[in-house]
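Reproduced below: target-v7.cif, with mmCIF, C-alpha atoms and all ligand atoms.
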```cif
data_run
#
loop_
_atom_site.group_PDB
_atom_site.id
_atom_site.type_symbol
_atom_site.label_atom_id
_atom_site.label_comp_id
_atom_site.auth_asym_id
_atom_site.auth_seq_id
_atom_site.Cartn_x
_atom_site.Cartn_y
_atom_site.Cartn_z
ATOM 1 C CA LEU X 339 90.517 4.939 57.595
ATOM 2 C CA PRO X 340 93.936 3.296 57.703
ATOM 3 C CA ASP X 341 94.623 -0.293 58.679
ATOM 4 C CA ILE X 342 97.105 -0.208 61.539
ATOM 5 C CA ALA X 343 99.777 -2.362 63.144
ATOM 6 C CA TRP X 344 101.542 -2.562 66.462
ATOM 7 C CA VAL X 345 105.013 -4.139 66.454
ATOM 8 C CA ASN X 346 106.886 -4.557 69.749
ATOM 9 C CA GLY X 347 105.436 -1.450 71.300
ATOM 10 C CA ARG X 348 105.016 0.843 68.280
ATOM 11 C CA PHE X 349 101.882 1.710 66.360
ATOM 12 C CA SER X 350 102.155 2.486 62.638
ATOM 13 C CA PRO X 351 100.119 2.282 59.447
ATOM 14 C CA LEU X 352 99.992 -1.389 58.409
ATOM 15 C CA GLU X 353 102.155 -0.890 55.280
ATOM 16 C CA GLN X 354 104.919 0.595 57.392
ATOM 17 C CA ALA X 355 105.138 -2.286 59.853
ATOM 18 C CA TYR X 356 108.144 -4.621 59.549
ATOM 19 C CA VAL X 357 109.935 -7.384 61.406
ATOM 20 C CA SER X 358 113.529 -8.549 60.957
ATOM 21 C CA VAL X 359 114.460 -11.107 58.274
ATOM 22 C CA GLN X 360 116.156 -12.954 61.140
ATOM 23 C CA ASP X 361 112.858 -13.312 62.967
ATOM 24 C CA ARG X 362 112.192 -16.979 63.730
ATOM 25 C CA GLY X 363 108.580 -16.445 62.766
ATOM 26 C CA PHE X 364 109.779 -15.609 59.242
ATOM 27 C CA GLN X 365 112.531 -18.241 59.042
ATOM 28 C CA PHE X 366 110.886 -21.209 60.772
ATOM 29 C CA GLY X 367 107.228 -20.365 61.243
ATOM 30 C CA ASP X 368 108.269 -20.492 64.912
ATOM 31 C CA ALA X 369 105.250 -18.497 65.998
ATOM 32 C CA VAL X 370 101.635 -18.666 67.091
ATOM 33 C CA TYR X 371 98.709 -16.424 66.268
ATOM 34 C CA GLU X 372 95.059 -15.521 66.737
ATOM 35 C CA VAL X 373 92.438 -13.963 64.475
ATOM 36 C CA LEU X 374 89.747 -12.010 66.268
ATOM 37 C CA ARG X 375 86.767 -9.992 65.194
ATOM 38 C CA ALA X 376 85.261 -6.773 66.483
ATOM 39 C CA TYR X 377 81.536 -6.093 66.238
ATOM 40 C CA ASP X 378 80.135 -2.658 67.055
ATOM 41 C CA GLY X 379 83.402 -1.523 68.614
ATOM 42 C CA ARG X 380 83.867 -4.578 70.849
ATOM 43 C CA ILE X 381 86.212 -7.500 70.334
ATOM 44 C CA PHE X 382 84.243 -10.729 70.385
ATOM 45 C CA ALA X 383 85.317 -13.362 72.957
ATOM 46 C CA VAL X 384 88.707 -11.738 73.427
ATOM 47 C CA ASP X 385 89.369 -13.686 76.652
ATOM 48 C CA ARG X 386 88.908 -17.005 74.882
ATOM 49 C CA HIS X 387 91.332 -15.987 72.143
ATOM 50 C CA VAL X 388 93.908 -14.772 74.656
ATOM 51 C CA ASP X 389 93.571 -18.043 76.609
ATOM 52 C CA ARG X 390 94.095 -20.054 73.436
ATOM 53 C CA LEU X 391 97.160 -17.986 72.519
ATOM 54 C CA ARG X 392 98.573 -18.575 76.000
ATOM 55 C CA ARG X 393 98.022 -22.299 75.503
ATOM 56 C CA SER X 394 99.613 -22.274 72.028
ATOM 57 C CA CYS X 395 102.658 -20.514 73.538
ATOM 58 C CA ARG X 396 102.897 -23.101 76.297
ATOM 59 C CA LEU X 397 102.668 -25.989 73.829
ATOM 60 C CA ILE X 398 105.584 -24.608 71.773
ATOM 61 C CA ARG X 399 107.483 -23.586 74.921
ATOM 62 C CA LEU X 400 107.446 -19.916 74.013
ATOM 63 C CA GLN X 401 107.645 -17.719 77.082
ATOM 64 C CA ALA X 402 105.577 -14.621 76.461
ATOM 65 C CA ALA X 403 103.602 -14.273 79.684
ATOM 66 C CA ARG X 404 104.268 -10.548 79.975
ATOM 67 C CA ILE X 405 102.930 -9.612 76.576
ATOM 68 C CA ILE X 406 99.980 -11.994 76.839
ATOM 69 C CA GLU X 407 99.050 -10.357 80.162
ATOM 70 C CA CYS X 408 98.598 -7.033 78.322
ATOM 71 C CA LEU X 409 97.183 -8.418 75.098
ATOM 72 C CA SER X 410 93.527 -7.819 75.728
ATOM 73 C CA ASP X 411 94.183 -4.149 76.572
ATOM 74 C CA LEU X 412 96.545 -3.747 73.631
ATOM 75 C CA LEU X 413 93.993 -5.153 71.221
ATOM 76 C CA ALA X 414 91.339 -2.827 72.598
ATOM 77 C CA GLU X 415 93.695 0.128 72.218
ATOM 78 C CA ALA X 416 94.592 -0.906 68.678
ATOM 79 C CA LEU X 417 90.919 -1.178 67.742
ATOM 80 C CA HIS X 418 90.235 2.205 69.287
ATOM 81 C CA ARG X 419 93.108 3.857 67.400
ATOM 82 C CA SER X 420 91.982 2.335 64.111
ATOM 83 C CA GLU X 421 88.564 3.987 64.519
ATOM 84 C CA TYR X 422 86.941 0.874 63.057
ATOM 85 C CA THR X 423 83.913 -0.472 64.867
ATOM 86 C CA ASP X 424 83.865 -3.708 62.875
ATOM 87 C CA ALA X 425 87.275 -5.149 62.108
ATOM 88 C CA ILE X 426 89.503 -8.190 61.872
ATOM 89 C CA LEU X 427 92.271 -8.202 64.451
ATOM 90 C CA TYR X 428 95.366 -10.348 64.202
ATOM 91 C CA ALA X 429 97.883 -11.126 66.937
ATOM 92 C CA GLN X 430 101.116 -13.011 66.333
ATOM 93 C CA ILE X 431 103.877 -13.866 68.783
ATOM 94 C CA THR X 432 107.121 -15.266 67.400
ATOM 95 C CA ARG X 433 110.085 -16.768 69.233
ATOM 96 C CA GLY X 434 112.058 -13.609 68.383
ATOM 97 C CA VAL X 435 115.072 -12.534 66.350
ATOM 98 C CA ALA X 436 118.221 -14.678 66.319
ATOM 99 C CA ARG X 437 120.994 -15.991 64.065
ATOM 100 C CA ARG X 438 119.424 -18.883 62.149
ATOM 101 C CA SER X 439 119.639 -22.197 63.972
ATOM 102 C CA HIS X 440 116.978 -24.839 64.548
ATOM 103 C CA ARG X 441 117.855 -25.098 68.202
ATOM 104 C CA ILE X 442 116.087 -22.528 70.303
ATOM 105 C CA PRO X 443 118.586 -19.942 71.534
ATOM 106 C CA ALA X 444 118.281 -18.985 75.206
ATOM 107 C CA GLY X 445 117.060 -15.588 76.320
ATOM 108 C CA LEU X 446 115.178 -14.486 73.198
ATOM 109 C CA GLN X 447 112.787 -11.556 73.305
ATOM 110 C CA PRO X 448 109.525 -12.625 71.605
ATOM 111 C CA THR X 449 108.304 -10.491 68.710
ATOM 112 C CA CYS X 450 104.692 -9.393 69.014
ATOM 113 C CA VAL X 451 102.678 -8.087 66.085
ATOM 114 C CA LEU X 452 99.089 -6.895 66.161
ATOM 115 C CA THR X 453 97.119 -5.667 63.196
ATOM 116 C CA VAL X 454 93.661 -4.175 62.772
ATOM 117 C CA ARG X 455 92.107 -4.341 59.317
ATOM 118 C CA SER X 456 88.760 -3.427 57.876
ATOM 119 C CA ILE X 457 86.439 -6.330 57.083
ATOM 120 C CA GLU X 458 86.481 -6.449 53.311
ATOM 121 C CA GLU X 459 84.553 -9.736 53.102
ATOM 122 C CA THR X 460 81.495 -10.479 55.248
ATOM 123 C CA TYR X 461 80.444 -13.687 53.429
ATOM 124 C CA LYS X 462 76.796 -12.569 53.514
ATOM 125 C CA LEU X 463 76.017 -14.190 50.162
ATOM 126 C CA GLU X 464 77.765 -17.436 51.117
ATOM 127 C CA GLN X 465 76.015 -17.447 54.500
ATOM 128 C CA ALA X 466 72.673 -17.046 52.763
ATOM 129 C CA ASN X 467 73.135 -19.567 49.948
ATOM 130 C CA GLY X 468 75.729 -22.011 51.214
ATOM 131 C CA VAL X 469 79.030 -23.038 49.640
ATOM 132 C CA THR X 470 80.627 -26.008 47.917
ATOM 133 C CA VAL X 471 83.398 -27.974 49.639
ATOM 134 C CA ILE X 472 85.742 -30.783 48.632
ATOM 135 C CA GLY X 473 87.016 -33.618 50.782
ATOM 136 C CA LEU X 474 90.821 -33.943 50.930
ATOM 137 C CA SER X 475 93.207 -35.911 53.060
ATOM 138 C CA ASP X 476 94.537 -34.037 56.061
ATOM 139 C CA ILE X 477 98.209 -33.595 55.199
ATOM 140 C CA ARG X 478 98.894 -31.095 57.990
ATOM 141 C CA TRP X 479 101.188 -31.832 60.911
ATOM 142 C CA ALA X 480 99.878 -33.816 63.863
ATOM 143 C CA ARG X 481 99.456 -30.861 66.248
ATOM 144 C CA GLY X 482 96.558 -28.902 64.771
ATOM 145 C CA GLU X 483 95.539 -27.916 68.313
ATOM 146 C CA ILE X 484 98.436 -25.424 68.241
ATOM 147 C CA LYS X 485 97.500 -22.282 66.334
ATOM 148 C CA SER X 486 100.908 -21.944 64.706
ATOM 149 C CA THR X 487 101.797 -19.826 61.707
ATOM 150 C CA ASN X 488 103.119 -22.960 59.947
ATOM 151 C CA LEU X 489 100.277 -22.845 57.453
ATOM 152 C CA LEU X 490 101.853 -24.248 54.292
ATOM 153 C CA ALA X 491 99.692 -27.379 54.216
ATOM 154 C CA SER X 492 96.549 -25.319 54.812
ATOM 155 C CA VAL X 493 97.556 -22.894 52.061
ATOM 156 C CA LEU X 494 98.037 -25.733 49.567
ATOM 157 C CA LEU X 495 94.789 -27.429 50.595
ATOM 158 C CA LYS X 496 92.828 -24.185 50.321
ATOM 159 C CA GLN X 497 94.380 -23.434 46.935
ATOM 160 C CA ARG X 498 93.491 -26.906 45.665
ATOM 161 C CA ALA X 499 89.908 -26.374 46.843
ATOM 162 C CA ALA X 500 89.754 -22.955 45.161
ATOM 163 C CA GLU X 501 91.058 -24.376 41.886
ATOM 164 C CA GLU X 502 88.245 -26.921 41.975
ATOM 165 C CA GLY X 503 85.691 -24.178 42.593
ATOM 166 C CA ALA X 504 85.214 -25.072 46.245
ATOM 167 C CA PHE X 505 85.161 -22.674 49.171
ATOM 168 C CA GLU X 506 86.845 -24.995 51.670
ATOM 169 C CA ALA X 507 88.840 -28.209 51.891
ATOM 170 C CA VAL X 508 87.142 -30.530 54.385
ATOM 171 C CA LEU X 509 89.840 -32.785 55.779
ATOM 172 C CA PHE X 510 89.856 -36.481 56.649
ATOM 173 C CA ASN X 511 92.541 -38.420 58.507
ATOM 174 C CA GLY X 512 94.071 -41.759 57.452
ATOM 175 C CA ARG X 513 91.058 -43.630 58.850
ATOM 176 C CA ASP X 514 88.668 -41.512 56.737
ATOM 177 C CA GLU X 515 87.459 -39.627 59.807
ATOM 178 C CA LEU X 516 86.582 -35.930 59.663
ATOM 179 C CA THR X 517 89.114 -33.584 61.299
ATOM 180 C CA GLU X 518 88.288 -29.980 60.304
ATOM 181 C CA GLY X 519 88.476 -27.586 57.371
ATOM 182 C CA ALA X 520 91.743 -25.985 56.211
ATOM 183 C CA SER X 521 90.812 -22.896 58.255
ATOM 184 C CA THR X 522 87.433 -23.766 59.779
ATOM 185 C CA ASN X 523 85.789 -26.271 62.102
ATOM 186 C CA VAL X 524 83.158 -28.534 60.554
ATOM 187 C CA PHE X 525 79.738 -29.511 61.898
ATOM 188 C CA ILE X 526 77.116 -31.850 60.510
ATOM 189 C CA VAL X 527 73.512 -32.528 61.474
ATOM 190 C CA THR X 528 72.251 -36.116 61.493
ATOM 191 C CA ALA X 529 68.590 -36.775 62.368
ATOM 192 C CA GLY X 530 68.290 -33.558 64.380
ATOM 193 C CA ARG X 531 71.579 -34.026 66.246
ATOM 194 C CA LEU X 532 74.403 -31.493 65.902
ATOM 195 C CA ARG X 533 77.721 -33.309 65.564
ATOM 196 C CA THR X 534 81.341 -32.203 65.373
ATOM 197 C CA PRO X 535 84.630 -34.037 65.867
ATOM 198 C CA ALA X 536 85.772 -34.231 69.488
ATOM 199 C CA LEU X 537 88.780 -32.092 70.366
ATOM 200 C CA SER X 538 92.156 -33.778 69.972
ATOM 201 C CA GLU X 539 95.755 -32.877 69.188
ATOM 202 C CA ARG X 540 94.763 -32.937 65.526
ATOM 203 C CA ILE X 541 92.243 -30.108 65.424
ATOM 204 C CA LEU X 542 91.996 -26.533 66.558
ATOM 205 C CA ALA X 543 89.690 -25.830 69.482
ATOM 206 C CA GLY X 544 87.820 -23.130 67.575
ATOM 207 C CA VAL X 545 86.302 -20.301 69.565
ATOM 208 C CA THR X 546 83.345 -20.218 67.174
ATOM 209 C CA ARG X 547 82.988 -24.003 67.545
ATOM 210 C CA GLN X 548 82.820 -23.745 71.333
ATOM 211 C CA VAL X 549 80.411 -20.808 71.296
ATOM 212 C CA LEU X 550 78.122 -22.699 68.889
ATOM 213 C CA LEU X 551 78.165 -25.821 71.072
ATOM 214 C CA GLU X 552 77.140 -23.697 74.064
ATOM 215 C CA LEU X 553 74.419 -21.901 72.099
ATOM 216 C CA ALA X 554 73.068 -25.215 70.782
ATOM 217 C CA GLU X 555 72.919 -26.740 74.246
ATOM 218 C CA LYS X 556 71.119 -23.700 75.621
ATOM 219 C CA ALA X 557 68.651 -23.912 72.730
ATOM 220 C CA GLY X 558 67.963 -27.576 73.484
ATOM 221 C CA ILE X 559 69.562 -28.903 70.293
ATOM 222 C CA PRO X 560 71.101 -32.343 70.958
ATOM 223 C CA VAL X 561 74.870 -32.149 70.514
ATOM 224 C CA SER X 562 77.665 -34.727 70.250
ATOM 225 C CA GLN X 563 81.408 -34.313 69.976
ATOM 226 C CA GLU X 564 82.549 -37.598 68.505
ATOM 227 C CA THR X 565 84.295 -39.431 65.700
ATOM 228 C CA ILE X 566 82.565 -38.766 62.367
ATOM 229 C CA THR X 567 83.363 -40.885 59.331
ATOM 230 C CA CYS X 568 83.466 -39.708 55.739
ATOM 231 C CA GLY X 569 80.377 -41.839 55.066
ATOM 232 C CA GLU X 570 78.482 -40.041 57.819
ATOM 233 C CA VAL X 571 79.462 -36.658 56.382
ATOM 234 C CA VAL X 572 78.240 -37.654 52.924
ATOM 235 C CA ALA X 573 74.948 -38.894 54.416
ATOM 236 C CA ALA X 574 74.422 -35.846 56.689
ATOM 237 C CA ASP X 575 71.200 -33.827 56.585
ATOM 238 C CA GLU X 576 73.104 -30.561 56.999
ATOM 239 C CA MET X 577 76.691 -29.414 57.116
ATOM 240 C CA PHE X 578 78.300 -26.108 58.010
ATOM 241 C CA LEU X 579 81.688 -24.503 58.569
ATOM 242 C CA ALA X 580 82.532 -22.274 61.520
ATOM 243 C CA SER X 581 85.251 -19.715 62.199
ATOM 244 C CA THR X 582 85.793 -16.186 63.420
ATOM 245 C CA SER X 583 85.819 -14.730 59.920
ATOM 246 C CA ILE X 584 83.117 -16.781 58.164
ATOM 247 C CA GLU X 585 80.937 -17.216 61.280
ATOM 248 C CA VAL X 586 78.425 -19.979 60.380
ATOM 249 C CA LEU X 587 78.594 -20.955 56.715
ATOM 250 C CA PRO X 588 76.339 -23.676 55.287
ATOM 251 C CA ALA X 589 78.128 -26.248 53.103
ATOM 252 C CA VAL X 590 75.552 -27.568 50.655
ATOM 253 C CA VAL X 591 77.603 -29.584 48.159
ATOM 254 C CA MET X 592 80.604 -31.828 48.826
ATOM 255 C CA ASP X 593 82.591 -33.379 45.976
ATOM 256 C CA GLY X 594 79.810 -32.507 43.548
ATOM 257 C CA ARG X 595 77.062 -34.197 45.577
ATOM 258 C CA PRO X 596 74.395 -32.364 47.582
ATOM 259 C CA ILE X 597 74.532 -32.551 51.380
ATOM 260 C CA GLY X 598 70.980 -33.282 52.559
ATOM 261 C CA ALA X 599 68.565 -31.239 50.456
ATOM 262 C CA GLY X 600 71.469 -29.312 48.888
ATOM 263 C CA ARG X 601 70.494 -26.078 50.602
ATOM 264 C CA PRO X 602 71.048 -24.616 54.079
ATOM 265 C CA GLY X 603 69.091 -26.629 56.638
ATOM 266 C CA PRO X 604 66.932 -25.558 59.606
ATOM 267 C CA ILE X 605 69.446 -26.214 62.387
ATOM 268 C CA THR X 606 72.150 -24.351 60.463
ATOM 269 C CA ARG X 607 69.767 -21.414 60.023
ATOM 270 C CA HIS X 608 68.843 -21.483 63.695
ATOM 271 C CA LEU X 609 72.515 -21.447 64.749
ATOM 272 C CA GLN X 610 73.297 -18.621 62.319
ATOM 273 C CA GLN X 611 70.651 -16.526 64.075
ATOM 274 C CA LEU X 612 71.797 -17.481 67.564
ATOM 275 C CA TYR X 613 75.398 -16.703 66.636
ATOM 276 C CA GLN X 614 74.558 -13.265 65.201
ATOM 277 C CA ARG X 615 72.672 -12.451 68.371
ATOM 278 C CA ALA X 616 75.511 -13.745 70.562
ATOM 279 C CA VAL X 617 78.301 -11.740 68.919
ATOM 280 C CA ARG X 618 76.364 -8.525 69.399
ATOM 281 C CA ASN X 619 75.247 -9.203 72.964
ATOM 282 C CA TRP X 620 78.398 -10.849 74.280
ATOM 283 C CA PRO X 621 79.157 -9.943 77.910
ATOM 284 C CA SER X 622 82.396 -7.962 78.080
HETATM 285 N N1 LIG A 701 91.139 -19.729 61.261
HETATM 286 N N2 LIG A 701 90.389 -24.606 62.377
HETATM 287 C C1 LIG A 701 91.453 -24.022 61.801
HETATM 288 C C2 LIG A 701 92.510 -24.888 61.202
HETATM 289 C C3 LIG A 701 91.555 -22.616 61.769
HETATM 290 O O1 LIG A 701 92.611 -22.030 61.200
HETATM 291 C C4 LIG A 701 90.515 -21.843 62.347
HETATM 292 C C5 LIG A 701 90.571 -20.338 62.388
HETATM 293 C C6 LIG A 701 89.429 -22.495 62.921
HETATM 294 C C7 LIG A 701 88.295 -21.763 63.585
HETATM 295 O O2 LIG A 701 88.725 -21.159 64.793
HETATM 296 P P1 LIG A 701 87.993 -19.873 65.404
HETATM 297 O O3 LIG A 701 86.572 -20.217 65.481
HETATM 298 O O4 LIG A 701 88.639 -19.720 66.726
HETATM 299 O O5 LIG A 701 88.250 -18.727 64.469
HETATM 300 C C8 LIG A 701 89.408 -23.888 62.939
HETATM 301 C C9 LIG A 701 91.412 -18.333 61.358
HETATM 302 C C10 LIG A 701 90.192 -17.485 61.328
HETATM 303 C C11 LIG A 701 92.403 -17.972 60.272
HETATM 304 O O6 LIG A 701 93.415 -18.636 60.204
HETATM 305 O O7 LIG A 701 92.164 -17.032 59.539
#
```

Any chance you could give the structure as structure tokens?
Ligand code: PDD
Amino acid sequence: LPDIAWVNGRFSPLEQAYVSVQDRGFQFGDAVYEVLRAYDGRIFAVDRHVDRLRRSCRLIRLQAARIIECLSDLLAEALHRSEYTDAILYAQITRGVARRSHRIPAGLQPTCVLTVRSIEETYKLEQANGVTVIGLSDIRWARGEIKSTNLLASVLLKQRAAEEGAFEAVLFNGRDELTEGASTNVFIVTAGRLRTPALSERILAGVTRQVLLELAEKAGIPVSQETITCGEVVAADEMFLASTSIEVLPAVVMDGRPIGAGRPGPITRHLQQLYQRAVRNWPS
């Protein structure tokens, strides 16, 4: 089955999809995006992703209301055409094509790109056994709440982690407080309480994060969204990463030292199960 793309109204095989070299997404990273996942032929939490994309557009003053209106239907059509039942979907909206200038030209037509790809990595082994992470300082820009395609800092952080044999870079701000991972939200468990940093301009409001918080509350697991120091992370009983693509991934070693017992803990396991159930029974 072919991976497919949709660019400004046209479907094509993914390898035949192009945008202009004058696109501001290419030249400035002047663009926002979403990564979504389909399970059993249905796109998980598509409304939440579309809402977040709308918000990202508003925060960068990109007017794309018309395309965002249709996005949910377009994504469903793209998934249908791909013939995949399980897939990774990607949506990107850029400011559009213009002669290069930092100032935003008036009257631009946004560029919209959707892709549907097969899931080549399900992280089953990592989900079962847990992964290693390293702590790094959060060198990204101050507006992590915006899901922008300006990902250079995240790329460098992730590469550094990979070169040190770690799956993810867990990031700390200048006060040594946890923000998030380079491409994941981070949770810890302390004495039976599920904890994750409160939302701020600095971190992405992850869809997986929010779903997990709701599932935990329904399951009666005590939850706090609060400031978490590096010391509290190191001393945690459990730690896990969360995102659309990795789902719920136990982190069992940080900077060479075990987190808790050094293996996936009971609350992490419980949430993995609840999440797998939720993605397959999500109301559409
Ligand atoms: N990453 N934090 C950051 C910085 C992210 O890039 C992501 C998502 C998340 C988790 O968000 P969600 O649960 O909505 O997927 C948190 C996507 C998957 C990516 O860039 O590939």

What residues come out when you apply the PyMOL selection byres (((chain X and resi 581-594) around 7) and not hetatm) to this file, written as a list of chain:residue names? X:Leu374, X:Arg375, X:Tyr461, X:Glu464, X:Gln465, X:Gly468, X:Val469, X:Thr470, X:Val471, X:Ile472, X:Gly473, X:Thr522, X:Asn523, X:Gly544, X:Thr546, X:Met577, X:Phe578, X:Leu579, X:Ala580, X:Arg595, X:Pro596, X:Ile597, X:Gly600, X:Arg601, X:Pro602, X:Thr606, X:Gln610

Exercise. Written as number ranges by chain, which residues does the PyMOL selection byres (((chain X and resi 478) around 10) and not hetatm) give for the file shown?
Worked result: X: 475-477, 479-482, 488-492, 495, 509, 511, 520, 540

| Selection: 8 Å around X:Leu609, only C-alpha atoms, excl. self and same-chain fewer than 2 positions, as a PyMOL selection string | chain X and resi 550+553-554+586+605-607+611-613

Residue by residue, what does the PyMOL selection byres (((chain X and resi 397-412) around 10) and not hetatm) grab here? Present the result as a PDB file with C-alpha atoms, in the coordinates of the input.
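The file below, part_29.pdb, is the result:
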```pdb
ATOM      1  CA  TRP X 344     101.542  -2.562  66.462  1.00  0.00           C
ATOM      2  CA  ASN X 346     106.886  -4.557  69.749  1.00  0.00           C
ATOM      3  CA  GLY X 347     105.436  -1.450  71.300  1.00  0.00           C
ATOM      4  CA  ASP X 368     108.269 -20.492  64.912  1.00  0.00           C
ATOM      5  CA  ALA X 369     105.250 -18.497  65.998  1.00  0.00           C
ATOM      6  CA  VAL X 370     101.635 -18.666  67.091  1.00  0.00           C
ATOM      7  CA  ILE X 381      86.212  -7.500  70.334  1.00  0.00           C
ATOM      8  CA  VAL X 384      88.707 -11.738  73.427  1.00  0.00           C
ATOM      9  CA  ASP X 385      89.369 -13.686  76.652  1.00  0.00           C
ATOM     10  CA  HIS X 387      91.332 -15.987  72.143  1.00  0.00           C
ATOM     11  CA  VAL X 388      93.908 -14.772  74.656  1.00  0.00           C
ATOM     12  CA  ASP X 389      93.571 -18.043  76.609  1.00  0.00           C
ATOM     13  CA  LEU X 391      97.160 -17.986  72.519  1.00  0.00           C
ATOM     14  CA  ARG X 392      98.573 -18.575  76.000  1.00  0.00           C
ATOM     15  CA  ARG X 393      98.022 -22.299  75.503  1.00  0.00           C
ATOM     16  CA  SER X 394      99.613 -22.274  72.028  1.00  0.00           C
ATOM     17  CA  CYS X 395     102.658 -20.514  73.538  1.00  0.00           C
ATOM     18  CA  ARG X 396     102.897 -23.101  76.297  1.00  0.00           C
ATOM     19  CA  LEU X 413      93.993  -5.153  71.221  1.00  0.00           C
ATOM     20  CA  ALA X 414      91.339  -2.827  72.598  1.00  0.00           C
ATOM     21  CA  GLU X 415      93.695   0.128  72.218  1.00  0.00           C
ATOM     22  CA  ALA X 416      94.592  -0.906  68.678  1.00  0.00           C
ATOM     23  CA  LEU X 417      90.919  -1.178  67.742  1.00  0.00           C
ATOM     24  CA  HIS X 418      90.235   2.205  69.287  1.00  0.00           C
ATOM     25  CA  ALA X 429      97.883 -11.126  66.937  1.00  0.00           C
ATOM     26  CA  ILE X 431     103.877 -13.866  68.783  1.00  0.00           C
ATOM     27  CA  THR X 432     107.121 -15.266  67.400  1.00  0.00           C
ATOM     28  CA  ARG X 433     110.085 -16.768  69.233  1.00  0.00           C
ATOM     29  CA  GLY X 434     112.058 -13.609  68.383  1.00  0.00           C
ATOM     30  CA  ILE X 442     116.087 -22.528  70.303  1.00  0.00           C
ATOM     31  CA  GLY X 445     117.060 -15.588  76.320  1.00  0.00           C
ATOM     32  CA  LEU X 446     115.178 -14.486  73.198  1.00  0.00           C
ATOM     33  CA  GLN X 447     112.787 -11.556  73.305  1.00  0.00           C
ATOM     34  CA  PRO X 448     109.525 -12.625  71.605  1.00  0.00           C
ATOM     35  CA  THR X 449     108.304 -10.491  68.710  1.00  0.00           C
ATOM     36  CA  CYS X 450     104.692  -9.393  69.014  1.00  0.00           C
ATOM     37  CA  LEU X 452      99.089  -6.895  66.161  1.00  0.00           C
ATOM     38  CA  ARG X 481      99.456 -30.861  66.248  1.00  0.00           C
ATOM     39  CA  GLU X 483      95.539 -27.916  68.313  1.00  0.00           C
ATOM     40  CA  ILE X 484      98.436 -25.424  68.241  1.00  0.00           C
ATOM     41  CA  LYS X 485      97.500 -22.282  66.334  1.00  0.00           C
ATOM     42  CA  SER X 486     100.908 -21.944  64.706  1.00  0.00           C
TER      43      SER X 486
END
```

Pairwise distance, atom CA of X:Ala507 with atom CA of X:Val561, equals 23.6 Å

Atom C1 of ligand LIG 701 (chain A) sits from atom CA of X:Ala543 at a separation of 8.1 Å

The distance between atom N1 of ligand LIG 701 (chain A) and atom CA of X:Leu542 is 8.7 Å

Mind checking which residues fall within 9 Å of X:Tyr377, counting all atoms listed in the file, ignoring those fewer than 3 positions away in the same chain, and posting them as a list in words? Arg380, Ile381, Phe382, Thr423, Asp424, Ala425, Val617 and Arg618 of chain X

Margin query: Under the rule that all atoms listed in the file are counted, which of X:Arg390, X:Arg533, X:His608, X:Lys462 is the nearest residue to X:Pro560?
Written below: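 Of X:Arg390, X:Arg533, X:His608, X:Lys462, the one nearest X:Pro560, counting all atoms listed in the file, is X:Arg533.
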
The residue from X:Gln430, X:Asn619, X:Thr567, X:Ser562 with the smallest atom-to-atom distance to ligand LIG 701 (chain A), counting only C-alpha atoms and all ligand atoms, is X:Gln430

Find the smallest box with edges along x, y and z containing every listed atom of stretch 596-606 of chain X, then add 6 Å on each side and report centre and edge lengths in Å to one decimal, as JSON.
```
{"center_x": 70.7, "center_y": -28.8, "center_z": 55.0, "size_x": 19.6, "size_y": 20.9, "size_z": 26.8}
```
